[in-house]
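Some notes on the structure that comes next.
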Amino acid sequence: MTTKTEFKQRASELRDLINKYNYLYYVTDNPEVTDSEYDRLFTELKQLEQQYPELLTNDSPTQRVGGQALDKFSQITHALPMLSLDNVFDADEFEAFDQRVRDWLNTSETQIYAAEPKLDGLAISIRYEHGLLVQAATRGDGTVGEDVTVNVRTIPTVPLRLQGYNIPEVIEIRGEIFMPKEGFEKLNQAQISADKKPFVNPRNAAAGSLRQLDSKITATRPLAIYCYGIGEIVGMEAPESHSAAMKQLEQWGCRISPELKQVEGIQGALDYITYLGDKRDSLPYDIDGVVFKVDKVALQQRLGFVARAPRWAIAHKFPAQEEMTVVEDIEIQVGRTGALTPVARLKPVFVGGVTVSNATLHNEDEIRRKDVRVGDTVIVRRAGDVIPEVVQVVPSKRTAESYEFVMPSTCPICGSDVERIEGEAKARCTGGLYCGAQRKEAIKHFASRKAFDIDGLGDKIVEQLVDAGFIKDVADLFHLTVEQLSSLERMGDKSAENLVTALTASKQTKFARFLYSLGIREVGEATARSLASHFLTLDGLIQANEESLIEIEDVGPVVAHHIVTFFEQSHNREVIQRLLDAGISWPEEQKIAADSALSGKTIVLTGTLDKLSRSEAKEKLLALGAKVAGSVSKKTDFVVAGRDAGSKLTKAESLGISVVDETTLIEWLN
Ligand code: D41
């Protein structure tokens with residue numbers, strides 16, 4: 001029979017196991033069990049605790065999910081004050097710090113410093129009594145902070161009980177709580193999806209999450225800790241250096257920065273600054289500098305502190321990634337695919353290590369959400385290689401002269417209509433074939449294999465032709481001369497001649513290919529084919545309205561709208577006319593026989609065909625009104641299996657779909 005004592009023992013065993021696996025997973029990044037095994041143990045413990053609430057302890061991992069919401073945080077006086085850090089901003093200032101240290105210690109010896117990243121988060125003090133987490137307080141003013149114990153308990157990298165040996169009666173562990181960049185991005189995506197305000201930066205997100213009155217919310221936020229110091233310690237000699245203290249904390253299961261290093265003197269410190277500065281953008285969390293601490297505690301004690309800042313530590317700050325400046329104007333940039341992006345023209349400001357005079361505002365909704373107006377003072381952020389962005393307006397600095405930005409209704413590059421499809425963030429220029437901003441992409445698409453398939457006209461050559469001013473749109477291609485082409489870099493006379501020949505040959509095309517080549521948004525090969533066989537002539541299509549377009553297979557309201565707006569642009573119609581004038585033509589389309597036996601059937605081709613090429617077979621089937629699909633599903637009517645057919649054939653057989661061979665296919669086609 002199982003006794004109460006056995007349950008108690010099992011609960012304790014489970015707590016230890018889960019805490020250990022949690023530590024291995026979050027702190028050492030070295031999981032030892034599968035997620036499902038972890039979940040199984042967790043559920044078992046939760047059930048035990050539900051059944052016997054008296055088994056529930058403070059260090060139970062089940063308590064990481066948060067508890068009852070608070071009305072407010074109570075205040076906590078730190079047993080030892082949390083000191084602040086003085087800053088230096090360059091090598092000279094660091095040298096002066098090092099000099100002060102040596103003067104104070106009355107030595108000319110090279111100093112040993114412990115160096116570590118300065119995380120951009122919130123300082124916290126966590127109190128353990130007999131190894132058990134009993135209290136966690138924010139730094140506050142350094143003397144009095146707020147009791148955020150329940151929230152800190154939810155952070156997976158914070159041990160609820162210290163593990164290992166020689167655990168003192170009391171120890172206050174100090175560290176920085178922060179939100180890694182990846183978690184921050186995910187959280188903000190979720191905030192936006194839920195129509196909630198996103199956080200301005202990871203630091204604000206960490207602060208907002210830690211200062212949640214509802215710890216259940218904190219539990220869902222991706223917070224983490226790096227420990228960087230010790231406050232009160234009772235019942236144990238304090239370690240004799242910062243490095244040794246950090247090693248000890250690590251042995252007790254606390255997470256310390258993997259970048260912690262000992263450096264020697266000024267040169268060692270400056271090298272470390274360069275090392276970490278280079279690494280800054282690739283670290284998974286935001287840092288705003290490096291902290292240097294005189295390593296030996298005995299020396300720290302001799303140095304003491306002034307006005308709450310230790311004489312033995314200094315923060316070397318990196319260039320700020322956020323600065324304030326003024327929006328002088330908002331302009332529109334048109335991207336290669338016609339997307340319109342509003343860009344703030346800024347009073348130049350030094351941020352993230354460079355001078356920034358433009359920042360993206362992403363799209364119209366972002367401008368409205370942040371309420372950015374021309375003339376506003378804003379905070380600009382440039383982190384790493386990311387495009388600088390306006391993170392927020394400083395409302396107190398708004399003047400009466402500021403005014404709202406209005407999205408233009410025509411493209412600033414080509415004058416075509418601008419439109420924004422419901423549900424899309426970006427407004428777009430509709431002058432696809434004509435717009436200077438979209439020129440290169442439109443021409444590359446036009447020349448590509450599934451479009452006009454112009455041999456020898458690759459992306460690089462298109463770029464050169466546009467840059468040389470030889471072509472402005474696709475119609476100009478057909479007026480290129482051998483002389484113009486051979487004047488291009490790395491283009492011989494022979495290649496130039498070949499290209500002109502290829503251009504001439506490409507004039508004979510097919511209606512569907514022609515439609516696809518125009519690059520109308522969302523009109524791919526299949527849609528182009530449906531349009532061609534439905535309308536038969538270009539005039540028929542140009543005159544179609546949205547209602548009649550929607551009736552066609554493959555064409556929904558959005559595509560129909562794109563088609564109509566495309567042909568409404570006089571610029572686009574002009575280019576098409578010039579293409580026709582240049583001699584582009586195609587054989588008349590044949591109406592698909594609606595009564596053909598294959599009409600409306602979905603067919604999958606697989607294996608090697610001997611008498612027909614795949615594309616020939618496909619085209620003939622399409623002409624008979626069949627649909628040709630790439631994979632077998634319940635909707636497939638027939639599978640044509642050639643030689644060495646593989647998995648598609650197996651799947652067709654398992655689904656009971658009719659399979660025919662190439663000979664039967666040819667009979668059908670005839
Ligand atoms: O990463 C940090 N933000 C950090 C902050 C750090 N790595 N070390 C720190 N060391 C100290 C002393 C030297 C006073 C123990 C600190 C801070 N203080 C600190 N954080 C906020 C105020 C002071």
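Lettering and numbering for the structure tokens are positional, with chains as A, B, ... in the shown order, residues counted from 1 in each chain, and ligands counted from 1 in the shown order.
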Do you know which residues are at most 9 Å from Thr608 in chain A counting only C-alpha atoms, after dropping those on the same chain fewer than 4 positions away, and could you put them as a PyMOL selection string? chain A and resi 613-614+641-645
Within-6 Å residues of ligand 1, basis only C-alpha atoms and all ligand atoms, as a list in words: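 Selection of residues at most 6 Å from ligand 1: Leu83, Ser84, Leu85, Glu116, Pro117, Lys118, Leu119, Asp120, Ala123, Glu176, Tyr228, Gly229, Val291 and Ala313 of chain A.
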Which polymer residues have any atom within 8 Å of an atom of range 396-403 of chain A, counting only C-alpha atoms, with same-chain residues fewer than 3 positions away left out, as a JSON list (two decimals) with N, CA and C atoms, in the first residue's frame?
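And here is the file that came out, part_4.json:
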```
[["chain", "number", "residue", "atom", "x", "y", "z"],
["A", 373, "ARG", "N", 3.95, 62.41, -37.26],
["A", 373, "ARG", "CA", 3.61, 63.54, -38.15],
["A", 373, "ARG", "C", 4.87, 64.28, -38.56],
["A", 374, "VAL", "N", 4.79, 64.93, -39.69],
["A", 374, "VAL", "CA", 5.92, 65.73, -40.14],
["A", 374, "VAL", "C", 6.13, 66.85, -39.12],
["A", 375, "GLY", "N", 7.37, 67.02, -38.67],
["A", 375, "GLY", "CA", 7.67, 68.04, -37.65],
["A", 375, "GLY", "C", 7.81, 67.44, -36.26],
["A", 376, "ASP", "N", 7.39, 66.16, -36.10],
["A", 376, "ASP", "CA", 7.46, 65.53, -34.78],
["A", 376, "ASP", "C", 8.90, 65.24, -34.36],
["A", 377, "THR", "N", 9.12, 65.27, -33.05],
["A", 377, "THR", "CA", 10.35, 64.72, -32.50],
["A", 377, "THR", "C", 10.10, 63.24, -32.24]]
```
Where does DSSP see strand (DSSP E) in range 341-520 of chain A, if you list the residues as a ChimeraX atom specification? /A:341-351,354-360,377-381,389-393,418-419,427-429
Please produce an output containing N, CA, C and O atoms for each residue in the selection, written as a tab-separated table (two decimals), in the first residue's frame.
```tsv
chain	number	residue	atom	x	y	z
A	341	THR	N	6.66	52.52	-49.79
A	341	THR	CA	7.09	52.57	-48.39
A	341	THR	C	7.31	54.02	-47.97
A	341	THR	O	8.11	54.72	-48.58
A	342	PRO	N	6.58	54.47	-46.94
A	342	PRO	CA	6.84	55.82	-46.45
A	342	PRO	C	8.15	55.85	-45.67
A	342	PRO	O	8.43	54.95	-44.88
A	343	VAL	N	8.96	56.87	-45.94
A	343	VAL	CA	10.26	56.99	-45.29
A	343	VAL	C	10.34	58.37	-44.63
A	343	VAL	O	9.99	59.37	-45.24
A	344	ALA	N	10.77	58.38	-43.36
A	344	ALA	CA	10.92	59.66	-42.67
A	344	ALA	C	12.28	60.25	-43.03
A	344	ALA	O	13.30	59.58	-42.92
A	345	ARG	N	12.28	61.49	-43.51
A	345	ARG	CA	13.54	62.21	-43.70
A	345	ARG	C	13.83	62.91	-42.37
A	345	ARG	O	13.01	63.69	-41.88
A	346	LEU	N	15.01	62.58	-41.82
A	346	LEU	CA	15.29	63.04	-40.46
A	346	LEU	C	16.37	64.10	-40.43
A	346	LEU	O	17.24	64.14	-41.30
A	347	LYS	N	16.32	64.89	-39.40
A	347	LYS	CA	17.46	65.73	-39.09
A	347	LYS	C	18.57	64.74	-38.72
A	347	LYS	O	18.37	63.89	-37.84
A	348	PRO	N	19.72	64.78	-39.43
A	348	PRO	CA	20.74	63.75	-39.24
A	348	PRO	C	21.10	63.56	-37.77
A	348	PRO	O	21.24	64.53	-37.03
A	349	VAL	N	21.23	62.28	-37.37
A	349	VAL	CA	21.49	61.98	-35.97
A	349	VAL	C	22.45	60.79	-35.92
A	349	VAL	O	22.38	59.89	-36.75
A	350	PHE	N	23.36	60.81	-34.94
A	350	PHE	CA	24.33	59.73	-34.79
A	350	PHE	C	23.71	58.65	-33.92
A	350	PHE	O	23.48	58.85	-32.74
A	351	VAL	N	23.42	57.50	-34.51
A	351	VAL	CA	22.77	56.44	-33.75
A	351	VAL	C	23.27	55.08	-34.24
A	351	VAL	O	23.42	54.86	-35.43
A	354	VAL	N	26.39	55.11	-36.66
A	354	VAL	CA	26.44	55.83	-37.94
A	354	VAL	C	25.49	57.03	-37.92
A	354	VAL	O	24.63	57.13	-37.04
A	355	THR	N	25.67	57.94	-38.89
A	355	THR	CA	24.76	59.06	-39.00
A	355	THR	C	23.56	58.64	-39.84
A	355	THR	O	23.71	58.14	-40.94
A	356	VAL	N	22.39	58.82	-39.28
A	356	VAL	CA	21.17	58.36	-39.92
A	356	VAL	C	20.34	59.57	-40.32
A	356	VAL	O	20.12	60.47	-39.52
A	357	SER	N	19.89	59.61	-41.60
A	357	SER	CA	19.03	60.71	-42.00
A	357	SER	C	17.71	60.23	-42.61
A	357	SER	O	16.86	61.04	-42.96
A	358	ASN	N	17.56	58.90	-42.73
A	358	ASN	CA	16.29	58.34	-43.19
A	358	ASN	C	15.91	57.18	-42.27
A	358	ASN	O	16.79	56.45	-41.83
A	359	ALA	N	14.62	57.02	-42.04
A	359	ALA	CA	14.18	55.85	-41.28
A	359	ALA	C	12.88	55.35	-41.87
A	359	ALA	O	12.03	56.15	-42.26
A	360	THR	N	12.74	54.03	-41.94
A	360	THR	CA	11.52	53.50	-42.54
A	360	THR	C	10.33	53.67	-41.58
A	360	THR	O	10.47	53.58	-40.36
A	377	THR	N	9.12	65.27	-33.05
A	377	THR	CA	10.35	64.72	-32.50
A	377	THR	C	10.10	63.24	-32.24
A	377	THR	O	9.06	62.88	-31.68
A	378	VAL	N	11.02	62.41	-32.69
A	378	VAL	CA	10.82	60.96	-32.60
A	378	VAL	C	12.06	60.28	-32.04
A	378	VAL	O	13.14	60.85	-32.02
A	379	ILE	N	11.86	59.03	-31.61
A	379	ILE	CA	13.00	58.20	-31.23
A	379	ILE	C	13.29	57.27	-32.40
A	379	ILE	O	12.40	56.59	-32.91
A	380	VAL	N	14.55	57.32	-32.86
A	380	VAL	CA	14.98	56.50	-33.98
A	380	VAL	C	15.85	55.39	-33.44
A	380	VAL	O	16.69	55.62	-32.57
A	381	ARG	N	15.66	54.20	-33.97
A	381	ARG	CA	16.45	53.05	-33.52
A	381	ARG	C	17.21	52.46	-34.70
A	381	ARG	O	16.66	52.26	-35.77
A	389	GLU	N	14.65	52.59	-37.91
A	389	GLU	CA	13.21	52.80	-37.89
A	389	GLU	C	12.80	53.78	-36.80
A	389	GLU	O	13.51	53.96	-35.81
A	390	VAL	N	11.65	54.41	-37.03
A	390	VAL	CA	11.10	55.32	-36.04
A	390	VAL	C	10.34	54.45	-35.05
A	390	VAL	O	9.41	53.75	-35.44
A	391	VAL	N	10.77	54.45	-33.78
A	391	VAL	CA	10.07	53.59	-32.83
A	391	VAL	C	8.90	54.29	-32.17
A	391	VAL	O	7.89	53.68	-31.92
A	392	GLN	N	9.04	55.56	-31.90
A	392	GLN	CA	7.91	56.26	-31.30
A	392	GLN	C	8.07	57.77	-31.38
A	392	GLN	O	9.16	58.27	-31.59
A	393	VAL	N	6.93	58.44	-31.23
A	393	VAL	CA	6.93	59.89	-31.19
A	393	VAL	C	7.15	60.31	-29.74
A	393	VAL	O	6.77	59.60	-28.82
A	418	VAL	N	-2.27	54.52	-57.43
A	418	VAL	CA	-1.79	53.72	-56.31
A	418	VAL	C	-3.00	53.03	-55.73
A	418	VAL	O	-4.07	53.62	-55.65
A	419	GLU	N	-2.85	51.76	-55.36
A	419	GLU	CA	-3.99	51.13	-54.72
A	419	GLU	C	-3.54	50.26	-53.57
A	419	GLU	O	-2.40	49.83	-53.50
A	427	ALA	N	0.58	49.73	-49.82
A	427	ALA	CA	-0.05	50.28	-51.01
A	427	ALA	C	0.90	50.01	-52.17
A	427	ALA	O	2.11	49.88	-51.97
A	428	ARG	N	0.36	49.93	-53.38
A	428	ARG	CA	1.21	49.60	-54.51
A	428	ARG	C	0.92	50.46	-55.72
A	428	ARG	O	-0.22	50.86	-55.96
A	429	CYS	N	1.95	50.66	-56.52
A	429	CYS	CA	1.81	51.32	-57.81
A	429	CYS	C	1.27	50.30	-58.79
A	429	CYS	O	1.68	49.15	-58.79
```
Just want the 10 Å neighbourhood of Asn204 in chain A, counted on only C-alpha atoms, with same-chain residues fewer than 3 positions away dropped. Output as a PDB file with all heavy atoms, in the first residue's frame.
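Result file follows (result-v3.pdb):
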```
ATOM      1  N   ASP A 120      21.037  45.110 -21.534  1.00  0.00           N
ATOM      2  CA  ASP A 120      20.061  46.176 -21.463  1.00  0.00           C
ATOM      3  C   ASP A 120      18.749  45.593 -20.962  1.00  0.00           C
ATOM      4  O   ASP A 120      17.879  45.203 -21.737  1.00  0.00           O
ATOM      5  CB  ASP A 120      19.895  46.806 -22.848  1.00  0.00           C
ATOM      6  CG  ASP A 120      19.375  48.221 -22.736  1.00  0.00           C
ATOM      7  OD1 ASP A 120      19.251  48.724 -21.599  1.00  0.00           O
ATOM      8  OD2 ASP A 120      19.096  48.819 -23.790  1.00  0.00           O
ATOM      9  N   GLY A 121      18.625  45.514 -19.645  1.00  0.00           N
ATOM     10  CA  GLY A 121      17.414  44.949 -19.052  1.00  0.00           C
ATOM     11  C   GLY A 121      17.110  45.641 -17.749  1.00  0.00           C
ATOM     12  O   GLY A 121      17.244  46.864 -17.657  1.00  0.00           O
ATOM     13  N   LEU A 122      16.730  44.860 -16.733  1.00  0.00           N
ATOM     14  CA  LEU A 122      16.409  45.441 -15.426  1.00  0.00           C
ATOM     15  C   LEU A 122      17.204  44.737 -14.351  1.00  0.00           C
ATOM     16  O   LEU A 122      17.253  43.507 -14.321  1.00  0.00           O
ATOM     17  CB  LEU A 122      14.946  45.197 -15.088  1.00  0.00           C
ATOM     18  CG  LEU A 122      13.952  45.942 -15.912  1.00  0.00           C
ATOM     19  CD1 LEU A 122      13.335  44.980 -16.877  1.00  0.00           C
ATOM     20  CD2 LEU A 122      12.914  46.533 -15.001  1.00  0.00           C
ATOM     21  N   PHE A 178      16.245  40.217 -18.685  1.00  0.00           N
ATOM     22  CA  PHE A 178      16.141  40.801 -20.034  1.00  0.00           C
ATOM     23  C   PHE A 178      15.284  39.914 -20.917  1.00  0.00           C
ATOM     24  O   PHE A 178      14.936  38.786 -20.534  1.00  0.00           O
ATOM     25  CB  PHE A 178      17.544  40.970 -20.639  1.00  0.00           C
ATOM     26  CG  PHE A 178      18.281  39.664 -20.812  1.00  0.00           C
ATOM     27  CD1 PHE A 178      18.278  39.003 -22.031  1.00  0.00           C
ATOM     28  CD2 PHE A 178      18.954  39.083 -19.745  1.00  0.00           C
ATOM     29  CE1 PHE A 178      18.938  37.791 -22.197  1.00  0.00           C
ATOM     30  CE2 PHE A 178      19.618  37.870 -19.891  1.00  0.00           C
ATOM     31  CZ  PHE A 178      19.612  37.221 -21.113  1.00  0.00           C
ATOM     32  N   MET A 179      14.966  40.426 -22.094  1.00  0.00           N
ATOM     33  CA  MET A 179      14.200  39.635 -23.049  1.00  0.00           C
ATOM     34  C   MET A 179      15.051  39.437 -24.297  1.00  0.00           C
ATOM     35  O   MET A 179      15.418  40.413 -24.950  1.00  0.00           O
ATOM     36  CB  MET A 179      12.892  40.332 -23.418  1.00  0.00           C
ATOM     37  CG  MET A 179      11.951  39.442 -24.223  1.00  0.00           C
ATOM     38  SD  MET A 179      10.359  40.213 -24.569  1.00  0.00           S
ATOM     39  CE  MET A 179       9.572  40.168 -22.981  1.00  0.00           C
ATOM     40  N   PHE A 184      11.426  38.719 -28.113  1.00  0.00           N
ATOM     41  CA  PHE A 184      10.838  40.052 -28.258  1.00  0.00           C
ATOM     42  C   PHE A 184      10.077  40.167 -29.582  1.00  0.00           C
ATOM     43  O   PHE A 184       8.939  40.642 -29.617  1.00  0.00           O
ATOM     44  CB  PHE A 184      11.949  41.098 -28.183  1.00  0.00           C
ATOM     45  CG  PHE A 184      11.531  42.477 -28.606  1.00  0.00           C
ATOM     46  CD1 PHE A 184      10.722  43.245 -27.797  1.00  0.00           C
ATOM     47  CD2 PHE A 184      11.949  43.002 -29.824  1.00  0.00           C
ATOM     48  CE1 PHE A 184      10.329  44.522 -28.185  1.00  0.00           C
ATOM     49  CE2 PHE A 184      11.565  44.267 -30.223  1.00  0.00           C
ATOM     50  CZ  PHE A 184      10.744  45.029 -29.397  1.00  0.00           C
ATOM     51  N   PHE A 199       5.657  46.451 -28.051  1.00  0.00           N
ATOM     52  CA  PHE A 199       6.646  47.127 -27.215  1.00  0.00           C
ATOM     53  C   PHE A 199       7.684  47.805 -28.093  1.00  0.00           C
ATOM     54  O   PHE A 199       7.989  47.345 -29.184  1.00  0.00           O
ATOM     55  CB  PHE A 199       7.320  46.129 -26.278  1.00  0.00           C
ATOM     56  CG  PHE A 199       6.379  45.558 -25.256  1.00  0.00           C
ATOM     57  CD1 PHE A 199       5.755  44.342 -25.468  1.00  0.00           C
ATOM     58  CD2 PHE A 199       6.105  46.251 -24.093  1.00  0.00           C
ATOM     59  CE1 PHE A 199       4.868  43.818 -24.537  1.00  0.00           C
ATOM     60  CE2 PHE A 199       5.225  45.741 -23.151  1.00  0.00           C
ATOM     61  CZ  PHE A 199       4.605  44.524 -23.376  1.00  0.00           C
ATOM     62  N   VAL A 200       8.213  48.902 -27.578  1.00  0.00           N
ATOM     63  CA  VAL A 200       9.136  49.726 -28.342  1.00  0.00           C
ATOM     64  C   VAL A 200      10.492  49.039 -28.521  1.00  0.00           C
ATOM     65  O   VAL A 200      11.099  49.099 -29.570  1.00  0.00           O
ATOM     66  CB  VAL A 200       9.259  51.092 -27.643  1.00  0.00           C
ATOM     67  CG1 VAL A 200      10.489  51.827 -28.077  1.00  0.00           C
ATOM     68  CG2 VAL A 200       8.007  51.923 -27.903  1.00  0.00           C
ATOM     69  N   ASN A 201      10.980  48.375 -27.489  1.00  0.00           N
ATOM     70  CA  ASN A 201      12.259  47.667 -27.570  1.00  0.00           C
ATOM     71  C   ASN A 201      12.287  46.549 -26.516  1.00  0.00           C
ATOM     72  O   ASN A 201      11.422  46.491 -25.652  1.00  0.00           O
ATOM     73  CB  ASN A 201      13.427  48.655 -27.389  1.00  0.00           C
ATOM     74  CG  ASN A 201      13.305  49.434 -26.090  1.00  0.00           C
ATOM     75  OD1 ASN A 201      12.850  48.904 -25.080  1.00  0.00           O
ATOM     76  ND2 ASN A 201      13.702  50.692 -26.107  1.00  0.00           N
ATOM     77  N   ALA A 207      10.732  45.147 -18.961  1.00  0.00           N
ATOM     78  CA  ALA A 207      10.237  45.912 -17.815  1.00  0.00           C
ATOM     79  C   ALA A 207       8.735  45.722 -17.667  1.00  0.00           C
ATOM     80  O   ALA A 207       8.233  45.440 -16.571  1.00  0.00           O
ATOM     81  CB  ALA A 207      10.577  47.390 -17.995  1.00  0.00           C
ATOM     82  N   GLY A 208       8.013  45.825 -18.784  1.00  0.00           N
ATOM     83  CA  GLY A 208       6.560  45.667 -18.760  1.00  0.00           C
ATOM     84  C   GLY A 208       6.165  44.277 -18.282  1.00  0.00           C
ATOM     85  O   GLY A 208       5.172  44.113 -17.570  1.00  0.00           O
ATOM     86  N   SER A 209       6.950  43.291 -18.679  1.00  0.00           N
ATOM     87  CA  SER A 209       6.612  41.910 -18.327  1.00  0.00           C
ATOM     88  C   SER A 209       6.907  41.625 -16.863  1.00  0.00           C
ATOM     89  O   SER A 209       6.156  40.930 -16.189  1.00  0.00           O
ATOM     90  CB  SER A 209       7.409  40.937 -19.202  1.00  0.00           C
ATOM     91  OG  SER A 209       7.149  41.189 -20.564  1.00  0.00           O
ATOM     92  N   LEU A 210       8.021  42.171 -16.378  1.00  0.00           N
ATOM     93  CA  LEU A 210       8.405  41.912 -14.992  1.00  0.00           C
ATOM     94  C   LEU A 210       7.496  42.666 -14.022  1.00  0.00           C
ATOM     95  O   LEU A 210       7.233  42.207 -12.923  1.00  0.00           O
ATOM     96  CB  LEU A 210       9.861  42.341 -14.769  1.00  0.00           C
ATOM     97  CG  LEU A 210      10.457  41.897 -13.447  1.00  0.00           C
ATOM     98  CD1 LEU A 210      10.514  40.372 -13.377  1.00  0.00           C
ATOM     99  CD2 LEU A 210      11.841  42.476 -13.241  1.00  0.00           C
TER     100      LEU A 210
END
```
A:Leu24, A:Leu488, A:Val558, A:Ile443 ranked by distance to Gly423 in chain A, top pick (using only C-alpha atoms):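 Ranking A:Leu24, A:Leu488, A:Val558, A:Ile443 by distance to Gly423 in chain A, first place goes to A:Val558.
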How many Å lie between CA of Gly607 in chain A and CA of Asp661 in chain A, rounded to one decimal?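 These two atoms are separated by 10.0 Å.
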For Leu160 in chain A, which residue among A:Asp16, A:Glu109, A:Glu483, A:Asp329 is the nearest when counting only C-alpha atoms?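 When distances to Leu160 in chain A are compared using only C-alpha atoms, the smallest one comes from A:Asp16.
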Skip Ile173 in chain A itself and residues of its chain fewer than 6 positions away, then list as a list in words all residues within 10 Å of it, counting only C-alpha atoms.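 That gives Ile124, Ser125, Ile126, Arg127, Tyr128, Ala136, Cys227, Tyr228, Gly229, Ile230, Gly231, Glu232, Ile233, Leu249 and Cys254 of chain A.
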Emit the selected residues as a tab-separated table (two decimals), in the first residue's frame, including N, CA and C atoms.
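See again-v8.tsv below for the written result:
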```tsv
chain	number	residue	atom	x	y	z
A	124	ILE	N	17.98	43.17	-10.80
A	124	ILE	CA	17.12	42.47	-9.85
A	124	ILE	C	17.98	41.91	-8.72
A	125	SER	N	17.39	41.78	-7.54
A	125	SER	CA	18.09	41.14	-6.43
A	125	SER	C	17.21	39.99	-5.96
A	126	ILE	N	17.78	38.78	-5.95
A	126	ILE	CA	17.00	37.60	-5.60
A	126	ILE	C	17.58	37.00	-4.33
A	127	ARG	N	16.73	36.84	-3.32
A	127	ARG	CA	17.19	36.39	-2.01
A	127	ARG	C	16.88	34.90	-1.82
A	128	TYR	N	17.92	34.15	-1.47
A	128	TYR	CA	17.76	32.73	-1.17
A	128	TYR	C	18.06	32.50	0.30
A	136	ALA	N	12.27	38.36	-4.41
A	136	ALA	CA	12.97	39.01	-5.53
A	136	ALA	C	12.47	40.44	-5.62
A	227	CYS	N	23.31	36.49	-14.06
A	227	CYS	CA	23.65	36.99	-12.75
A	227	CYS	C	25.00	37.69	-12.81
A	228	TYR	N	25.15	38.77	-12.08
A	228	TYR	CA	26.42	39.50	-12.15
A	228	TYR	C	26.97	39.96	-10.80
A	229	GLY	N	26.35	39.51	-9.70
A	229	GLY	CA	26.89	39.97	-8.43
A	229	GLY	C	26.22	39.32	-7.23
A	230	ILE	N	26.78	39.62	-6.07
A	230	ILE	CA	26.25	39.08	-4.82
A	230	ILE	C	25.99	40.25	-3.88
A	231	GLY	N	24.84	40.24	-3.21
A	231	GLY	CA	24.54	41.26	-2.20
A	231	GLY	C	24.87	40.71	-0.83
A	232	GLU	N	23.84	40.65	0.02
A	232	GLU	CA	24.09	40.11	1.36
A	232	GLU	C	24.47	38.63	1.28
A	233	ILE	N	25.38	38.22	2.13
A	233	ILE	CA	25.71	36.80	2.22
A	233	ILE	C	25.95	36.47	3.69
A	249	LEU	N	28.36	30.87	-8.34
A	249	LEU	CA	26.94	31.00	-8.70
A	249	LEU	C	26.57	29.98	-9.76
A	254	CYS	N	22.93	28.95	-11.19
A	254	CYS	CA	22.55	30.26	-11.72
A	254	CYS	C	23.18	30.44	-13.09
```
Which polymer residues have any atom within 12 Å of an atom of Gln9 in chain A, counting only C-alpha atoms, with same-chain residues fewer than 6 positions away left out, as a VMD selection string? chain A and resid 2 to 3 15 to 16 45 48 55
Output C-alpha atoms for every residue in that selection, as a PDB file, in the first residue's frame.
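Once written, again18.pdb looks like this:
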```
ATOM      1  CA  THR A   2       1.168   3.457  -0.822  1.00  0.00           C
ATOM      2  CA  THR A   3       1.448   5.698   2.173  1.00  0.00           C
ATOM      3  CA  ARG A  15      10.596  18.409  -8.014  1.00  0.00           C
ATOM      4  CA  ASP A  16      14.289  17.603  -8.023  1.00  0.00           C
ATOM      5  CA  LEU A  45       3.709  16.360  -9.940  1.00  0.00           C
ATOM      6  CA  LEU A  48       0.015  14.904  -6.782  1.00  0.00           C
ATOM      7  CA  LEU A  55       2.777  18.638  -0.627  1.00  0.00           C
TER       8      LEU A  55
END
```
Show which residues sit within 12 Å of Glu489 in chain A, as a VMD selection string. Count only C-alpha atoms, and ignore same-chain residues fewer than 2 positions away. chain A and resid 460 to 461 463 to 465 467 to 468 484 to 487 491 to 493 495 to 496
